[in-house]
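Student: One file is attached below, data.cif, containing mmCIF, C-alpha atoms.
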data_my_file
loop_
_atom_site.label_atom_id
_atom_site.label_comp_id
_atom_site.auth_asym_id
_atom_site.auth_seq_id
_atom_site.Cartn_x
_atom_site.Cartn_y
_atom_site.Cartn_z
CA GLY A 1117 -0.35 -9.65 6.34
CA GLU A 1118 -0.87 -7.87 3.05
CA GLN A 1119 1.92 -8.10 0.49
CA VAL A 1120 2.08 -5.69 -2.43
CA GLU A 1121 4.39 -6.31 -5.36
CA GLN A 1122 4.99 -3.47 -7.81
CA ARG A 1123 6.51 -3.81 -11.28
CA PRO A 1124 8.65 -2.62 -12.93
CA PRO A 1125 11.06 -0.96 -10.47
CA HIS A 1126 12.41 1.28 -13.26
CA LEU A 1127 10.70 2.38 -16.45
CA SER A 1128 11.92 4.65 -19.23
CA VAL A 1129 9.60 5.76 -22.05
CA ARG A 1130 9.75 8.38 -24.77
CA GLU A 1131 7.74 11.57 -24.52
CA GLY A 1132 4.29 10.94 -25.99
CA ASP A 1133 4.36 7.19 -25.33
CA SER A 1134 2.39 5.31 -22.67
CA ALA A 1135 3.79 4.06 -19.38
CA PHE A 1136 2.23 1.10 -17.59
CA ILE A 1137 2.83 0.19 -13.93
CA THR A 1138 1.26 -2.77 -12.15
CA CYS A 1139 0.79 -3.84 -8.55
CA THR A 1140 -0.45 -7.19 -7.34
CA TYR A 1141 -1.72 -7.66 -3.81
CA THR A 1142 -2.48 -10.73 -1.71
CA ASP A 1143 -5.36 -9.88 0.65
CA PRO A 1144 -8.75 -10.52 -1.03
CA ASN A 1145 -10.37 -8.20 1.57
CA SER A 1146 -8.42 -5.18 0.30
CA TYR A 1147 -10.83 -2.35 -0.28
CA TYR A 1148 -9.02 0.95 -0.84
CA PHE A 1149 -6.36 1.46 -3.46
CA PHE A 1150 -4.15 4.47 -3.99
CA TRP A 1151 -1.55 5.78 -6.39
CA TYR A 1152 0.98 8.30 -5.17
CA LYS A 1153 3.49 10.34 -7.15
CA GLN A 1154 6.82 11.47 -5.70
CA GLU A 1155 8.78 13.99 -7.74
CA PRO A 1156 12.55 14.17 -7.15
CA GLY A 1157 13.32 15.67 -3.75
CA ALA A 1158 9.64 16.07 -2.90
CA SER A 1159 7.13 14.26 -0.74
CA LEU A 1160 4.34 11.92 -1.82
CA GLN A 1161 1.33 13.41 -3.51
CA LEU A 1162 -1.94 11.52 -3.84
CA LEU A 1163 -2.64 10.94 -7.51
CA MET A 1164 -5.81 8.90 -7.31
CA LYS A 1165 -7.80 6.70 -4.97
CA VAL A 1166 -10.12 3.91 -6.06
CA PHE A 1167 -12.51 1.84 -4.03
CA SER A 1168 -13.33 -1.82 -4.28
CA SER A 1169 -16.39 -1.12 -6.37
CA THR A 1170 -14.51 0.94 -8.95
CA GLU A 1171 -12.84 -0.77 -11.84
CA ILE A 1172 -11.68 2.07 -14.02
CA ASN A 1173 -10.90 5.56 -12.91
CA GLU A 1174 -9.60 8.28 -15.19
CA GLY A 1175 -7.60 11.31 -14.26
CA GLN A 1176 -5.76 13.96 -16.24
CA GLY A 1177 -3.50 12.01 -18.55
CA PHE A 1178 -3.78 8.66 -16.76
CA THR A 1179 -6.10 5.72 -16.13
CA VAL A 1180 -6.25 3.44 -13.11
CA LEU A 1181 -7.52 -0.10 -13.54
CA LEU A 1182 -8.55 -2.43 -10.74
CA ASN A 1183 -8.96 -6.15 -11.41
CA LYS A 1184 -10.28 -7.70 -8.19
CA LYS A 1185 -10.33 -11.23 -9.59
CA ASP A 1186 -6.60 -11.12 -10.32
CA LYS A 1187 -5.87 -8.82 -7.36
CA ARG A 1188 -4.13 -6.39 -9.69
CA LEU A 1189 -4.01 -2.60 -9.72
CA SER A 1190 -2.57 -0.74 -12.68
CA LEU A 1191 -1.65 2.80 -13.59
CA ASN A 1192 -1.48 3.75 -17.25
CA LEU A 1193 -0.03 7.14 -18.12
CA THR A 1194 -1.07 8.07 -21.63
CA ALA A 1195 1.03 10.43 -23.76
CA ALA A 1196 3.77 10.84 -21.16
CA HIS A 1197 5.42 14.25 -20.80
CA PRO A 1198 8.54 15.37 -18.89
CA GLY A 1199 6.48 16.40 -15.85
CA ASP A 1200 5.54 12.75 -15.39
CA SER A 1201 9.12 11.84 -14.49
CA ALA A 1202 8.84 10.75 -10.87
CA ALA A 1203 8.55 7.74 -8.60
CA TYR A 1204 5.10 6.19 -8.44
CA PHE A 1205 3.84 4.12 -5.53
CA CYS A 1206 0.74 2.01 -5.26
CA ALA A 1207 -0.83 1.47 -1.84
CA VAL A 1208 -3.53 -0.87 -0.56
CA SER A 1209 -5.63 -1.04 2.60
CA ASN A 1210 -8.54 -2.96 4.07
CA TYR A 1211 -11.84 -1.47 5.08
CA GLY A 1212 -11.49 -0.12 8.62
CA ASN A 1213 -7.72 -0.55 8.67
CA GLU A 1214 -5.60 2.48 9.48
CA LYS A 1215 -2.51 0.96 7.87
CA ILE A 1216 -1.72 1.18 4.20
CA THR A 1217 0.69 -1.23 2.56
CA PHE A 1218 2.87 0.42 -0.08
CA GLY A 1219 4.48 -1.09 -3.12
CA ALA A 1220 8.24 -0.64 -3.49
CA GLY A 1221 7.80 2.03 -6.17
CA THR A 1222 8.52 2.55 -9.86
CA LYS A 1223 10.97 5.19 -10.98
CA LEU A 1224 9.64 6.57 -14.27
CA THR A 1225 11.88 8.53 -16.62
CA ILE A 1226 10.49 10.31 -19.69
CA LYS A 1227 13.01 10.70 -22.49
CA PRO A 1228 12.70 13.54 -25.02
CA GLY B 1417 -7.22 22.53 2.77
CA GLY B 1418 -4.58 21.78 5.30
CA ILE B 1419 -0.88 21.30 5.63
CA ILE B 1420 1.61 19.03 7.33
CA THR B 1421 4.84 20.58 8.54
CA GLN B 1422 7.90 18.67 9.59
CA THR B 1423 10.83 20.06 11.54
CA PRO B 1424 13.67 20.15 11.02
CA LYS B 1425 13.98 19.75 7.26
CA PHE B 1426 17.56 18.49 7.66
CA LEU B 1427 18.86 16.80 10.79
CA ILE B 1428 22.51 15.95 11.33
CA GLY B 1429 23.58 13.92 14.33
CA GLN B 1430 26.43 11.87 15.68
CA GLU B 1431 26.35 8.11 15.87
CA GLY B 1432 24.72 7.06 19.17
CA GLN B 1433 22.95 10.38 19.62
CA LYS B 1434 19.28 10.68 20.53
CA LEU B 1435 17.44 12.77 17.94
CA THR B 1436 13.86 14.02 17.74
CA LEU B 1437 11.79 14.78 14.67
CA LYS B 1438 8.52 16.71 14.87
CA CYS B 1439 5.36 16.76 12.80
CA GLN B 1440 2.34 19.06 12.93
CA GLN B 1441 -0.89 18.87 10.91
CA ASN B 1442 -3.82 21.26 10.70
CA PHE B 1443 -6.17 18.95 8.79
CA ASN B 1444 -7.75 17.94 12.14
CA HIS B 1445 -7.00 14.35 11.13
CA ASP B 1446 -7.26 11.60 13.70
CA THR B 1447 -4.47 9.29 12.60
CA MET B 1448 -0.82 10.18 12.13
CA TYR B 1449 2.06 8.10 10.83
CA TRP B 1450 5.84 8.03 10.67
CA TYR B 1451 7.57 6.33 7.74
CA ARG B 1452 11.18 5.86 6.81
CA GLN B 1453 12.21 6.05 3.16
CA ASP B 1454 15.72 4.88 2.32
CA SER B 1455 17.29 6.34 -0.80
CA GLY B 1456 15.52 5.10 -3.93
CA LYS B 1457 13.30 2.75 -1.93
CA GLY B 1458 9.72 2.46 -0.75
CA LEU B 1459 8.14 3.45 2.57
CA ARG B 1460 8.38 1.48 5.79
CA LEU B 1461 6.02 2.21 8.66
CA ILE B 1462 7.71 2.99 11.97
CA TYR B 1463 4.83 4.08 14.23
CA TYR B 1464 1.29 5.31 13.88
CA SER B 1465 -1.28 6.79 16.25
CA ILE B 1466 -5.06 6.77 15.87
CA THR B 1467 -5.71 9.41 18.51
CA GLU B 1468 -4.01 11.56 21.13
CA ASN B 1469 -1.81 9.46 23.47
CA ASP B 1470 -2.25 6.34 21.33
CA LEU B 1471 0.77 4.55 19.82
CA GLN B 1472 0.88 1.55 17.48
CA LYS B 1473 4.08 -0.10 16.30
CA GLY B 1474 4.80 -0.51 12.64
CA ASP B 1475 7.20 -2.92 10.96
CA LEU B 1476 10.30 -0.85 11.76
CA SER B 1477 9.72 0.38 15.33
CA GLU B 1478 12.88 -1.02 16.90
CA GLY B 1479 15.32 1.80 17.65
CA TYR B 1480 12.57 4.43 17.65
CA ASP B 1481 10.13 5.96 20.12
CA ALA B 1482 7.12 8.08 19.31
CA SER B 1483 4.83 10.45 21.14
CA ARG B 1484 1.40 11.84 20.26
CA GLU B 1485 1.17 14.79 22.61
CA LYS B 1486 -1.96 16.21 21.05
CA LYS B 1487 -4.16 15.56 18.07
CA SER B 1488 -2.22 17.89 15.81
CA SER B 1489 1.31 16.74 16.62
CA PHE B 1490 3.33 13.54 16.45
CA SER B 1491 7.00 13.25 17.37
CA LEU B 1492 9.53 10.57 16.51
CA THR B 1493 12.72 9.93 18.47
CA VAL B 1494 15.68 8.04 17.11
CA THR B 1495 16.96 6.54 20.36
CA SER B 1496 20.56 5.94 19.23
CA ALA B 1497 21.32 7.14 15.72
CA GLN B 1498 23.18 4.73 13.44
CA LYS B 1499 24.84 5.36 10.09
CA ASN B 1500 22.66 2.73 8.41
CA GLU B 1501 19.49 4.64 9.22
CA MET B 1502 20.31 7.70 7.18
CA ALA B 1503 17.09 8.25 5.29
CA VAL B 1504 14.17 10.61 4.75
CA PHE B 1505 11.51 10.38 7.45
CA LEU B 1506 8.01 11.14 6.26
CA CYS B 1507 5.07 12.08 8.45
CA ALA B 1508 1.52 11.52 7.22
CA SER B 1509 -2.03 11.90 8.49
CA SER B 1510 -5.45 10.57 7.58
CA ILE B 1511 -9.11 10.80 8.60
CA ARG B 1512 -10.56 7.79 10.38
CA GLY B 1513 -13.58 6.06 8.98
CA VAL B 1514 -13.47 7.60 5.52
CA SER B 1515 -11.18 6.28 2.81
CA TYR B 1516 -7.97 6.28 4.85
CA GLU B 1517 -5.98 8.11 2.21
CA GLN B 1518 -2.87 9.57 3.73
CA TYR B 1519 -1.48 13.05 3.21
CA PHE B 1520 2.25 13.49 3.55
CA GLY B 1521 4.57 16.14 4.92
CA PRO B 1522 7.72 17.31 3.11
CA GLY B 1523 10.06 15.03 5.09
CA THR B 1524 13.09 15.28 7.35
CA ARG B 1525 16.40 14.12 5.89
CA LEU B 1526 18.58 12.49 8.55
CA THR B 1527 22.35 12.34 8.23
CA VAL B 1528 24.43 10.47 10.80
CA LEU B 1529 28.13 11.31 11.07
#
Translate this structure into structure tokens?

Tutor:
Amino acid sequence: GEQVEQRPPHLSVREGDSAFITCTYTDPNSYYFFWYKQEPGASLQLLMKVFSSTEINEGQGFTVLLNKKDKRLSLNLTAAHPGDSAAYFCAVSNYGNEKITFGAGTKLTIKP
Amino acid sequence: GGIITQTPKFLIGQEGQKLTLKCQQNFNHDTMYWYRQDSGKGLRLIYYSITENDLQKGDLSEGYDASREKKSSFSLTVTSAQKNEMAVFLCASSIRGVSYEQYFGPGTRLTVL
């Protein structure tokens, strides 16, 4: 089945710097890709979803990159601020598949 | 919009006890899920259900039962609670046939004494 590897497991950056998180997946038929954010003590919140045909997707303060050739999904938080401190999880699923495979998560800490 | 509610928020049980966690969603979503999240770790799928009365095992189903009584509710039973399964249990739901993104409830934190 699908395997998703997420790196790094812990990341600490200074306020105003960028933070970069990467996931690699194994199934070439993967079609839907998600990033979730989990603040301390809270549940998972959908940050962004991208589809197989999307390569770059921009949100407020972050960019998601999908490289289908390398089977790599990345999240780049630009100009990090304290509210970005959280755990981030990537998730991958196939077209028509109810199950999502999650990465192990990255705990991001923003230092003042 | 909709909401997923999980009860109870905190659940304390004795080792060997049978414990039930409940989840309700008003999104009118077809599919519901139960995940376990150990402290500082990722999510592991226990059970999911694509419609009322359907049950599908996940990677971590041993030691658990589930029940989808109606479209809006999904229950999880820990058949014999063990200290090593103290964790947060997250319920989620999604629409079938769209993009399968899952929406999560606030979680139930299980403590086993």

Student: Since I can't run it myself right now, could you work out what the PyMOL selection byres ((chain A) within 6 of (chain B)) selects here and report it as a ChimeraX atom specification?

Tutor: /A:1159-1160,1220-1221

Student: Once the PyMOL selection byres ((chain A and resi 1203-1207) around 6) is applied to the coordinates I shared, what remains selected? I want it as a list in words.

Tutor: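 Taken over the shown coordinates, the PyMOL selection byres ((chain A and resi 1203-1207) around 6) returns Phe1149, Phe1150, Trp1151, Tyr1152, Lys1153, Gln1154, Ala1202, Val1208, Thr1217, Phe1218, Gly1219, Gly1221, Thr1222, Lys1223 and Leu1224 of chain A.
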
Student: Which residues are close to A:Gly1132, i.e. within 12 Å by only C-alpha atoms, leaving aside same-chain residues fewer than 5 positions away? Reply as JSON, numbers by chain.

Tutor: {"A": [1177, 1193, 1194, 1195, 1196, 1197, 1198, 1199, 1200, 1226, 1227, 1228]}

Student: Using all atoms listed in the file, which residues sit within 8 Å of A:Val1180 once same-chain residues fewer than 3 positions away are excluded, as a list in words?

Tutor: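 Here the answer would be Met1164, Glu1171, Ile1172, Asn1173, Glu1174, Leu1189, Ser1190, Leu1191 and Asn1192 of chain A.
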
Student: If I take atom CA of B:Ile1420 and atom CA of A:Glu1121, how far is one from the other in Å, to one decimal?

Tutor: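 A separation of 28.5 Å between them.
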
Student: Enter the distance from atom CA of A:Gly1175 to atom CA of B:Asn1442, in Å, rounded to one decimal.

Tutor: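 Distance reported for this atom pair: 27.1 Å.
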
Student: How many Å lie between atom CA of B:Ala1497 and atom CA of B:Leu1476, rounded to one decimal?

Tutor: 14.2 Å

Student: With 7 Å as the threshold, what does the neighbourhood of (4.9, 3.9, 19.9) contain in terms of residues, counting all atoms listed in the file? Coordinates are those of the file; answer as a list in words.

Tutor: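 Using all atoms listed in the file, the matching residues come out as Tyr1463, Leu1471, Gln1472, Lys1473, Asp1481, Ala1482 and Ser1483 of chain B.
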
Student: Using the chain letters and residue numbers of this document, give as a list in words the residues selected by the PyMOL selection byres ((chain A and resi 1119) around 8).

Tutor: Gly1117, Glu1118, Val1120, Glu1121, Tyr1141, Thr1142, Asp1143 and Thr1217 of chain A

Student: For the residues selected in the previous step, produce a file with C-alpha atoms as an mmCIF file, in the coordinates of the input.

Tutor:
data_model
loop_
_atom_site.group_PDB
_atom_site.id
_atom_site.type_symbol
_atom_site.label_atom_id
_atom_site.label_comp_id
_atom_site.auth_asym_id
_atom_site.auth_seq_id
_atom_site.Cartn_x
_atom_site.Cartn_y
_atom_site.Cartn_z
ATOM 1 C CA GLY A 1117 -0.350 -9.650 6.340
ATOM 2 C CA GLU A 1118 -0.870 -7.870 3.050
ATOM 3 C CA VAL A 1120 2.080 -5.690 -2.430
ATOM 4 C CA GLU A 1121 4.390 -6.310 -5.360
ATOM 5 C CA TYR A 1141 -1.720 -7.660 -3.810
ATOM 6 C CA THR A 1142 -2.480 -10.730 -1.710
ATOM 7 C CA ASP A 1143 -5.360 -9.880 0.650
ATOM 8 C CA THR A 1217 0.690 -1.230 2.560
#

Student: Taking (9.7, 19.3, 16.8) as a centre in this file's frame and 6 Å as the limit, can you find every polymer residue with an atom that close, using all atoms listed in the file, and give them as a list in words?

Tutor: Thr1423, Leu1437 and Lys1438 of chain B

Student: Given only C-alpha atoms as the basis, pick out the residue of B:Lys1425, B:His1445, B:Lys1499, B:Arg1484 nearest to A:Gly1157.

Tutor: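 Among B:Lys1425, B:His1445, B:Lys1499, B:Arg1484, it is B:Lys1425 that comes nearest to A:Gly1157.
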
Student: At a cut-off of 10 Å, using all atoms listed in the file, what residues contact B:Gln1430? Leave out same-chain residues fewer than 5 positions from it and give the result as a PyMOL selection string.

Tutor: chain B and resi 1435+1496-1499+1527-1529

Student: Would you pull stretch 1460-1488 of chain B out of the block just shown and save N, CA and C atoms as a compact mmCIF listing (two decimals), in the first residue's frame?

Tutor:
# COMPACT_ATOMS: atom_id res chain seq x y z
N ARG B 1460 -3.23 6.93 13.05
CA ARG B 1460 -3.37 5.55 12.57
C ARG B 1460 -4.86 5.23 12.49
N LEU B 1461 -5.26 4.69 11.34
CA LEU B 1461 -6.66 4.42 11.07
C LEU B 1461 -7.10 3.15 11.78
N ILE B 1462 -8.20 3.26 12.53
CA ILE B 1462 -8.71 2.10 13.27
C ILE B 1462 -9.84 1.43 12.47
N TYR B 1463 -10.89 2.21 12.18
CA TYR B 1463 -12.03 1.76 11.39
C TYR B 1463 -12.52 2.92 10.55
N TYR B 1464 -13.19 2.59 9.44
CA TYR B 1464 -13.95 3.58 8.72
C TYR B 1464 -15.22 2.95 8.17
N SER B 1465 -16.14 3.81 7.75
CA SER B 1465 -17.46 3.34 7.31
C SER B 1465 -17.92 4.24 6.17
N ILE B 1466 -18.28 3.64 5.04
CA ILE B 1466 -18.65 4.45 3.88
C ILE B 1466 -20.14 4.75 3.82
N THR B 1467 -20.91 4.06 4.64
CA THR B 1467 -22.34 4.33 4.71
C THR B 1467 -22.91 3.67 5.96
N GLU B 1468 -24.16 3.98 6.27
CA GLU B 1468 -24.80 3.38 7.43
C GLU B 1468 -24.67 1.86 7.39
N ASN B 1469 -24.32 1.28 8.55
CA ASN B 1469 -24.17 -0.17 8.73
C ASN B 1469 -22.97 -0.78 8.01
N ASP B 1470 -22.15 0.03 7.37
CA ASP B 1470 -20.92 -0.48 6.77
C ASP B 1470 -19.76 -0.31 7.74
N LEU B 1471 -18.82 -1.29 7.73
CA LEU B 1471 -17.61 -1.18 8.54
C LEU B 1471 -16.43 -1.71 7.74
N GLN B 1472 -15.32 -0.96 7.78
CA GLN B 1472 -14.10 -1.38 7.09
C GLN B 1472 -12.96 -1.26 8.10
N LYS B 1473 -12.13 -2.31 8.18
CA LYS B 1473 -11.02 -2.27 9.13
C LYS B 1473 -9.88 -1.42 8.60
N GLY B 1474 -9.27 -0.70 9.53
CA GLY B 1474 -8.05 0.02 9.21
C GLY B 1474 -6.84 -0.79 9.65
N ASP B 1475 -5.70 -0.11 9.81
CA ASP B 1475 -4.46 -0.81 10.16
C ASP B 1475 -4.39 -1.20 11.62
N LEU B 1476 -5.27 -0.61 12.45
CA LEU B 1476 -5.12 -0.78 13.90
C LEU B 1476 -6.42 -1.28 14.52
N SER B 1477 -7.17 -2.13 13.82
CA SER B 1477 -8.51 -2.49 14.28
C SER B 1477 -8.53 -3.50 15.44
N GLU B 1478 -7.42 -4.22 15.63
CA GLU B 1478 -7.44 -5.25 16.67
C GLU B 1478 -7.58 -4.61 18.05
N GLY B 1479 -8.55 -5.11 18.83
CA GLY B 1479 -8.80 -4.55 20.16
C GLY B 1479 -9.91 -3.51 20.15
N TYR B 1480 -10.48 -3.27 18.97
CA TYR B 1480 -11.54 -2.26 18.84
C TYR B 1480 -12.72 -2.84 18.05
N ASP B 1481 -13.91 -2.34 18.37
CA ASP B 1481 -15.10 -2.58 17.56
C ASP B 1481 -15.67 -1.22 17.18
N ALA B 1482 -16.45 -1.21 16.11
CA ALA B 1482 -17.08 0.04 15.70
C ALA B 1482 -18.51 -0.22 15.27
N SER B 1483 -19.30 0.83 15.25
CA SER B 1483 -20.70 0.70 14.87
C SER B 1483 -21.17 1.98 14.21
N ARG B 1484 -21.77 1.83 13.01
CA ARG B 1484 -22.32 3.00 12.31
C ARG B 1484 -23.84 2.86 12.33
N GLU B 1485 -24.41 3.41 13.37
CA GLU B 1485 -25.85 3.19 13.62
C GLU B 1485 -26.70 3.96 12.61
N LYS B 1486 -26.24 5.14 12.27
CA LYS B 1486 -26.93 5.95 11.27
C LYS B 1486 -25.90 6.82 10.57
N LYS B 1487 -26.32 7.48 9.54
CA LYS B 1487 -25.38 8.22 8.70
C LYS B 1487 -24.59 9.24 9.52
N SER B 1488 -25.25 9.86 10.49
CA SER B 1488 -24.62 10.94 11.22
C SER B 1488 -23.77 10.50 12.40
